[in-house]
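Source file: final-v5.pdb. Holds: PDB, C-alpha atoms.
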ATOM      1  CA  ALA A  14      -4.469 -29.517  22.109
ATOM      2  CA  GLY A  15      -3.157 -30.362  25.589
ATOM      3  CA  VAL A  16      -3.172 -34.078  24.813
ATOM      4  CA  VAL A  17      -1.380 -33.495  21.523
ATOM      5  CA  CYS A  18       1.275 -31.367  23.223
ATOM      6  CA  CYS A  19       1.745 -34.032  25.881
ATOM      7  CA  ILE A  20       2.134 -36.729  23.246
ATOM      8  CA  LEU A  21       4.618 -34.583  21.341
ATOM      9  CA  PHE A  22       6.586 -33.884  24.513
ATOM     10  CA  LEU A  23       6.754 -37.557  25.466
ATOM     11  CA  GLY A  24       7.739 -38.400  21.916
ATOM     12  CA  MET A  25      10.525 -35.857  22.071
ATOM     13  CA  LEU A  26      11.761 -37.265  25.394
ATOM     14  CA  TYR A  27      11.762 -40.736  23.961
ATOM     15  CA  GLY A  28      13.559 -39.552  20.843
ATOM     16  CA  VAL A  29      16.278 -37.841  22.845
ATOM     17  CA  PHE A  30      16.779 -40.203  25.779
ATOM     18  CA  PHE A  31      15.563 -43.653  24.803
ATOM     19  CA  THR A  32      16.665 -44.146  21.218
ATOM     20  CA  SER A  33      20.120 -45.465  20.442
ATOM     21  CA  VAL A  34      21.386 -42.223  18.878
ATOM     22  CA  PHE A  35      22.987 -40.822  22.045
ATOM     23  CA  GLN A  36      23.598 -44.111  23.837
ATOM     24  CA  ILE A  37      27.316 -44.419  24.599
ATOM     25  CA  LYS A  38      28.796 -47.091  22.357
ATOM     26  CA  ASP A  39      32.523 -46.401  22.615
ATOM     27  CA  ILE A  40      34.946 -45.310  25.351
ATOM     28  CA  GLU A  41      38.293 -44.240  23.903
ATOM     29  CA  ILE A  42      41.254 -44.193  26.304
ATOM     30  CA  GLN A  43      44.620 -42.525  25.715
ATOM     31  CA  GLY A  44      47.807 -41.789  27.663
ATOM     32  CA  ASN A  45      47.846 -44.728  30.061
ATOM     33  CA  GLN A  46      50.781 -47.094  30.475
ATOM     34  CA  LYS A  47      50.789 -48.201  34.107
ATOM     35  CA  VAL A  48      47.009 -48.530  34.548
ATOM     36  CA  ALA A  49      45.407 -51.153  32.315
ATOM     37  CA  THR A  50      43.056 -49.898  29.601
ATOM     38  CA  ASP A  51      40.395 -52.444  30.553
ATOM     39  CA  ASP A  52      40.494 -51.299  34.188
ATOM     40  CA  ILE A  53      39.894 -47.684  33.167
ATOM     41  CA  ARG A  54      37.154 -48.644  30.712
ATOM     42  CA  ASN A  55      35.337 -50.794  33.271
ATOM     43  CA  PHE A  56      35.624 -48.042  35.887
ATOM     44  CA  VAL A  57      34.098 -45.448  33.545
ATOM     45  CA  GLU A  58      31.401 -47.807  32.240
ATOM     46  CA  GLU A  59      30.224 -48.562  35.779
ATOM     47  CA  ARG A  60      29.847 -44.886  36.701
ATOM     48  CA  ILE A  61      28.423 -43.281  33.573
ATOM     49  CA  PRO A  62      24.830 -44.687  33.641
ATOM     50  CA  LYS A  63      22.350 -42.265  35.236
ATOM     51  CA  ARG A  64      18.771 -42.720  36.439
ATOM     52  CA  PHE A  65      16.168 -40.943  34.316
ATOM     53  CA  MET A  66      12.422 -41.492  34.849
ATOM     54  CA  PHE A  67      12.891 -44.818  36.694
ATOM     55  CA  PHE A  68      15.459 -46.060  34.170
ATOM     56  CA  ASP A  69      19.251 -46.360  34.327
ATOM     57  CA  ILE A  70      20.424 -45.215  30.925
ATOM     58  CA  ASN A  71      23.883 -45.012  29.395
ATOM     59  CA  HIS A  72      23.270 -41.645  27.777
ATOM     60  CA  LEU A  73      25.884 -39.188  26.556
ATOM     61  CA  LEU A  74      23.867 -36.082  27.460
ATOM     62  CA  LEU A  75      23.366 -37.235  31.052
ATOM     63  CA  ALA A  76      26.927 -38.464  31.675
ATOM     64  CA  ASP A  77      28.637 -36.515  34.488
ATOM     65  CA  VAL A  78      32.120 -36.866  33.049
ATOM     66  CA  GLY A  79      33.668 -34.358  35.467
ATOM     67  CA  THR A  80      32.722 -36.397  38.532
ATOM     68  CA  VAL A  81      33.789 -39.649  36.869
ATOM     69  CA  GLY A  82      37.191 -38.107  36.096
ATOM     70  CA  GLU A  83      37.690 -36.991  39.708
ATOM     71  CA  GLU A  84      36.745 -40.452  40.986
ATOM     72  CA  LEU A  85      39.171 -42.065  38.546
ATOM     73  CA  GLU A  86      42.023 -39.862  39.785
ATOM     74  CA  SER A  87      41.217 -40.806  43.385
ATOM     75  CA  ALA A  88      40.968 -44.526  42.647
ATOM     76  CA  TYR A  89      44.364 -44.887  40.946
ATOM     77  CA  PRO A  90      47.385 -43.215  42.618
ATOM     78  CA  GLU A  91      49.371 -43.715  39.392
ATOM     79  CA  ILE A  92      47.081 -41.210  37.641
ATOM     80  CA  GLU A  93      47.870 -37.516  38.063
ATOM     81  CA  LEU A  94      45.212 -35.958  35.821
ATOM     82  CA  VAL A  95      42.176 -37.157  33.849
ATOM     83  CA  ALA A  96      40.260 -35.311  31.134
ATOM     84  CA  ILE A  97      36.995 -36.882  29.964
ATOM     85  CA  ASP A  98      35.164 -35.353  27.006
ATOM     86  CA  LYS A  99      31.931 -36.163  25.217
ATOM     87  CA  ALA A 100      32.332 -36.824  21.496
ATOM     88  CA  PHE A 101      28.875 -36.665  19.912
ATOM     89  CA  PRO A 102      26.855 -38.563  19.209
ATOM     90  CA  ASP A 103      27.926 -41.721  21.078
ATOM     91  CA  LYS A 104      31.557 -41.646  22.275
ATOM     92  CA  VAL A 105      33.413 -40.746  25.457
ATOM     93  CA  GLN A 106      37.106 -39.856  25.233
ATOM     94  CA  VAL A 107      39.322 -40.394  28.297
ATOM     95  CA  VAL A 108      42.798 -38.827  28.307
ATOM     96  CA  VAL A 109      45.026 -39.885  31.190
ATOM     97  CA  LYS A 110      48.234 -38.280  32.427
ATOM     98  CA  GLU A 111      50.125 -40.691  34.650
ATOM     99  CA  ARG A 112      52.586 -39.699  37.348
ATOM    100  CA  GLN A 113      56.286 -39.875  36.525
ATOM    101  CA  GLY A 114      59.109 -40.379  38.993
ATOM    102  CA  SER A 115      62.790 -41.246  39.041
ATOM    103  CA  VAL A 116      63.499 -41.369  42.790
ATOM    104  CA  LEU A 117      62.191 -43.609  45.551
ATOM    105  CA  TRP A 118      60.728 -42.877  48.970
ATOM    106  CA  CYS A 119      61.568 -45.656  51.421
ATOM    107  CA  GLN A 120      60.437 -46.410  54.937
ATOM    108  CA  SER A 121      60.964 -49.139  57.532
ATOM    109  CA  ARG A 122      57.940 -51.275  58.387
ATOM    110  CA  SER A 123      57.594 -54.129  60.859
ATOM    111  CA  TYR A 124      55.686 -57.359  61.021
ATOM    112  CA  THR A 125      55.275 -59.931  63.766
ATOM    113  CA  ILE A 126      55.867 -63.655  63.483
ATOM    114  CA  GLU A 127      55.306 -66.444  65.969
ATOM    115  CA  VAL A 128      58.457 -68.232  67.112
ATOM    116  CA  GLU A 129      59.064 -71.034  69.598
ATOM    117  CA  ASP A 130      56.872 -71.443  72.716
ATOM    118  CA  GLU A 131      54.177 -69.168  71.206
ATOM    119  CA  GLU A 132      56.410 -66.137  71.576
ATOM    120  CA  GLU A 133      56.191 -63.346  69.019
ATOM    121  CA  GLU A 134      59.077 -61.629  67.308
ATOM    122  CA  SER A 135      59.030 -58.357  65.358
ATOM    123  CA  ARG A 136      61.018 -58.055  62.168
ATOM    124  CA  LEU A 137      61.739 -55.034  60.008
ATOM    125  CA  PHE A 138      61.543 -54.712  56.257
ATOM    126  CA  ARG A 139      62.010 -51.813  53.866
ATOM    127  CA  GLN A 140      59.071 -50.626  51.786
ATOM    128  CA  CYS A 141      59.740 -48.269  48.863
ATOM    129  CA  PHE A 142      57.540 -46.217  46.553
ATOM    130  CA  VAL A 143      58.151 -44.221  43.390
ATOM    131  CA  LEU A 144      57.961 -40.499  44.191
ATOM    132  CA  ASP A 145      56.752 -37.840  41.738
ATOM    133  CA  SER A 146      57.774 -34.179  41.552
ATOM    134  CA  ASN A 147      54.775 -33.167  43.718
ATOM    135  CA  GLY A 148      56.025 -35.345  46.580
ATOM    136  CA  ILE A 149      53.312 -37.986  46.078
ATOM    137  CA  VAL A 150      54.066 -41.715  46.289
ATOM    138  CA  PHE A 151      52.175 -43.632  43.637
ATOM    139  CA  GLU A 152      53.708 -47.051  42.986
ATOM    140  CA  GLU A 153      55.428 -49.624  45.193
ATOM    141  CA  LYS A 154      58.817 -50.642  43.829
ATOM    142  CA  GLU A 155      62.019 -52.347  44.906
ATOM    143  CA  PRO A 156      65.173 -50.184  44.534
ATOM    144  CA  GLU A 157      67.150 -50.800  41.342
ATOM    145  CA  GLY A 158      69.817 -48.116  41.571
ATOM    146  CA  GLU A 159      67.482 -45.126  41.949
ATOM    147  CA  ILE A 160      68.111 -42.311  44.444
ATOM    148  CA  VAL A 161      66.431 -43.224  47.740
ATOM    149  CA  ILE A 162      64.900 -40.539  49.994
ATOM    150  CA  SER A 163      63.502 -41.095  53.483
ATOM    151  CA  ASP A 164      62.696 -39.219  56.680
ATOM    152  CA  GLY A 165      62.639 -42.010  59.247
ATOM    153  CA  GLY A 166      58.851 -42.291  59.155
ATOM    154  CA  ASN A 167      56.832 -45.429  58.479
ATOM    155  CA  SER A 168      53.300 -44.371  57.616
ATOM    156  CA  ALA A 169      53.372 -43.505  53.901
ATOM    157  CA  ARG A 170      50.477 -44.834  51.819
ATOM    158  CA  LEU A 171      49.937 -44.912  48.068
ATOM    159  CA  GLY A 172      48.540 -41.624  46.792
ATOM    160  CA  GLU A 173      49.757 -39.585  49.779
ATOM    161  CA  GLN A 174      52.026 -36.551  49.680
ATOM    162  CA  VAL A 175      54.998 -37.444  51.863
ATOM    163  CA  ILE A 176      57.245 -34.439  51.250
ATOM    164  CA  ASP A 177      56.778 -30.803  50.284
ATOM    165  CA  PRO A 178      57.492 -30.287  46.542
ATOM    166  CA  GLY A 179      59.770 -27.326  47.247
ATOM    167  CA  LEU A 180      61.808 -29.308  49.769
ATOM    168  CA  LEU A 181      62.022 -32.230  47.345
ATOM    169  CA  ALA A 182      63.317 -29.962  44.571
ATOM    170  CA  SER A 183      65.902 -28.502  46.959
ATOM    171  CA  ILE A 184      67.076 -31.975  48.022
ATOM    172  CA  LEU A 185      67.446 -33.162  44.440
ATOM    173  CA  ALA A 186      69.352 -29.981  43.559
ATOM    174  CA  PHE A 187      71.717 -30.784  46.460
ATOM    175  CA  GLN A 188      72.133 -34.327  45.093
ATOM    176  CA  ARG A 189      72.891 -33.064  41.573
ATOM    177  CA  GLU A 190      75.361 -30.516  42.951
ATOM    178  CA  LEU A 191      77.257 -33.252  44.779
ATOM    179  CA  ASP A 192      77.242 -35.679  41.839
ATOM    180  CA  SER A 193      78.601 -33.018  39.486
ATOM    181  CA  SER A 194      81.312 -31.786  41.856
ATOM    182  CA  GLY A 195      84.964 -32.328  40.995
ATOM    183  CA  ILE A 196      85.737 -34.643  43.907
ATOM    184  CA  PHE A 197      82.774 -36.875  43.054
ATOM    185  CA  GLN A 198      83.670 -36.924  39.375
ATOM    186  CA  GLU A 199      87.310 -37.764  40.057
ATOM    187  CA  GLY A 200      86.489 -40.450  42.618
ATOM    188  CA  GLY A 201      83.627 -42.042  40.691
ATOM    189  CA  LEU A 202      81.244 -41.280  43.551
ATOM    190  CA  ARG A 203      77.491 -40.905  43.378
ATOM    191  CA  VAL A 204      74.794 -40.059  45.928
ATOM    192  CA  SER A 205      72.743 -43.160  46.630
ATOM    193  CA  SER A 206      70.415 -41.997  49.411
ATOM    194  CA  LEU A 207      69.264 -38.902  51.263
ATOM    195  CA  VAL A 208      67.675 -38.729  54.712
ATOM    196  CA  VAL A 209      65.553 -35.696  55.618
ATOM    197  CA  ILE A 210      66.283 -34.835  59.261
ATOM    198  CA  THR A 211      64.586 -31.414  59.235
ATOM    199  CA  GLU A 212      63.665 -28.949  56.504
ATOM    200  CA  ASP A 213      67.124 -27.421  56.970
ATOM    201  CA  ARG A 214      69.206 -30.562  57.372
ATOM    202  CA  VAL A 215      69.622 -33.424  54.915
ATOM    203  CA  ASN A 216      72.102 -36.282  55.243
ATOM    204  CA  ALA A 217      73.434 -37.707  51.974
ATOM    205  CA  GLU A 218      75.202 -41.045  51.610
ATOM    206  CA  THR A 219      77.316 -42.079  48.639
ATOM    207  CA  THR A 220      77.705 -45.427  46.922
ATOM    208  CA  GLU A 221      81.031 -45.780  48.784
ATOM    209  CA  GLY A 222      79.461 -45.153  52.194
ATOM    210  CA  TRP A 223      80.565 -41.523  52.605
ATOM    211  CA  LYS A 224      78.150 -39.283  54.538
ATOM    212  CA  ILE A 225      77.677 -35.611  53.717
ATOM    213  CA  TYR A 226      75.448 -33.267  55.715
ATOM    214  CA  ARG A 227      73.610 -30.252  54.361
ATOM    215  CA  ASN A 228      72.656 -27.632  56.940
TER     216      ASN A 228
END

For the file at hand, write its structure as structure tokens.
Amino acid sequence: AGVVCCILFLGMLYGVFFTSVFQIKDIEIQGNQKVATDDIRNFVEERIPKRFMFFDINHLLLADVGTVGEELESAYPEIELVAIDKAFPDKVQVVVKERQGSVLWCQSRSYTIEVEDEEEESRLFRQCFVLDSNGIVFEEKEPEGEIVISDGGNSARLGEQVIDPGLLASILAFQRELDSSGIFQEGGLRVSSLVVITEDRVNAETTEGWKIYRN
């Protein structure tokens, strides 16, 4: 009886884990625009297989989709949220929510070049990122007429939060208030950039070079 039970148990294990019924055959991806579908699919495919009884198997029941989703969010700053679900018997569904932004965060960076007589010279350049409503920079981009925000720093990296969301909302409300004011409307003025000096002080500059201070 013990041998029969053992055989039945092993047969059940084989039927569940080693037949093709629950082997993942399709990864469906939705919601992405900035991050390539193939990049997401390859990322998920590489992390789903799990070791079971000395074998690496691509099995739906063993897939740790929660961990894979967290790793995907960390790997791509453009992605805000990921939901990965198991669709039985053999499919994984990945729904991506990408970050959205309409303003830029810019900073001054420097690089060194060699000039005559082996001397070195430092030069500055401006590096800008798209900023989302949570204050996170997620995509490098050259300015094309967007509102530019900065704080004089130079250490922002993709995926980092560079400004408090509440402060960002307050700054953008200040910008909208200025743009909709009578004097701006009559003069055809528009805020082009804002510099955060402190949490209480923001300097705004218009397209015509005017400077306005908020205290």

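The residue set within 12 Å of Ala49 (chain A), counting all atoms listed in the file and dropping same-chain residues fewer than 3 places from it, reads A:Ile42, A:Gln43, A:Gly44, A:Asn45, A:Gln46, A:Asp52, A:Ile53, A:Arg54, A:Asn55, A:Phe56, A:Tyr89, A:Glu91, A:Ile92, A:Val109, A:Glu111.
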
CA of Ile162 (chain A) to CA of Arg136 (chain A), distance in Å rounded to a single decimal: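 It comes out at 21.7 Å.
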
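The closest residue to Lys110 (chain A), picked from A:Asp213, A:Lys47, A:Gly166, A:Phe187 and counting all atoms listed in the file, is A:Lys47.
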
In Å and to one decimal, CA of Glu86 (chain A) is distant from CA of Gly172 (chain A) by 9.7 Å

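Take CA of Thr211 (chain A) and CA of Glu159 (chain A): the distance between them is 22.3 Å.
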
Within 6 Å of Ile97 (chain A), counting all atoms listed in the file, which residues qualify if same-chain residues fewer than 6 places away don't, as a VMD selection string? chain A and resid 78 106 to 107

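Among the candidates A:Ala186, A:Ile225, A:Val204, A:Leu180, the one nearest to Ile160 (chain A) when counting only C-alpha atoms is A:Val204.
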
Can you spell out as a ChimeraX atom specification the set of residues that the PyMOL selection byres ((chain A and resi 123) around 8) selects in the structure I just provided? /A:121-122,124-125,135-138

Picked residues, the PyMOL selection byres ((chain A and resi 98-104) around 10), as a list in words: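 So the PyMOL selection byres ((chain A and resi 98-104) around 10) ends up selecting Ser33, Val34, Phe35, Gln36, Ile37, Lys38, Asp39, Ile40, Glu41, Asn71, His72, Leu73, Leu74, Ala76, Asp77, Val78, Gly79, Gly82, Val95, Ala96, Ile97, Val105, Gln106, Val107 and Val108 of chain A.
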
Which one is closest to Cys119 (chain A): A:Asp177, A:Glu131, A:Arg170, A:Ser163? Count all atoms listed in the file. A:Ser163
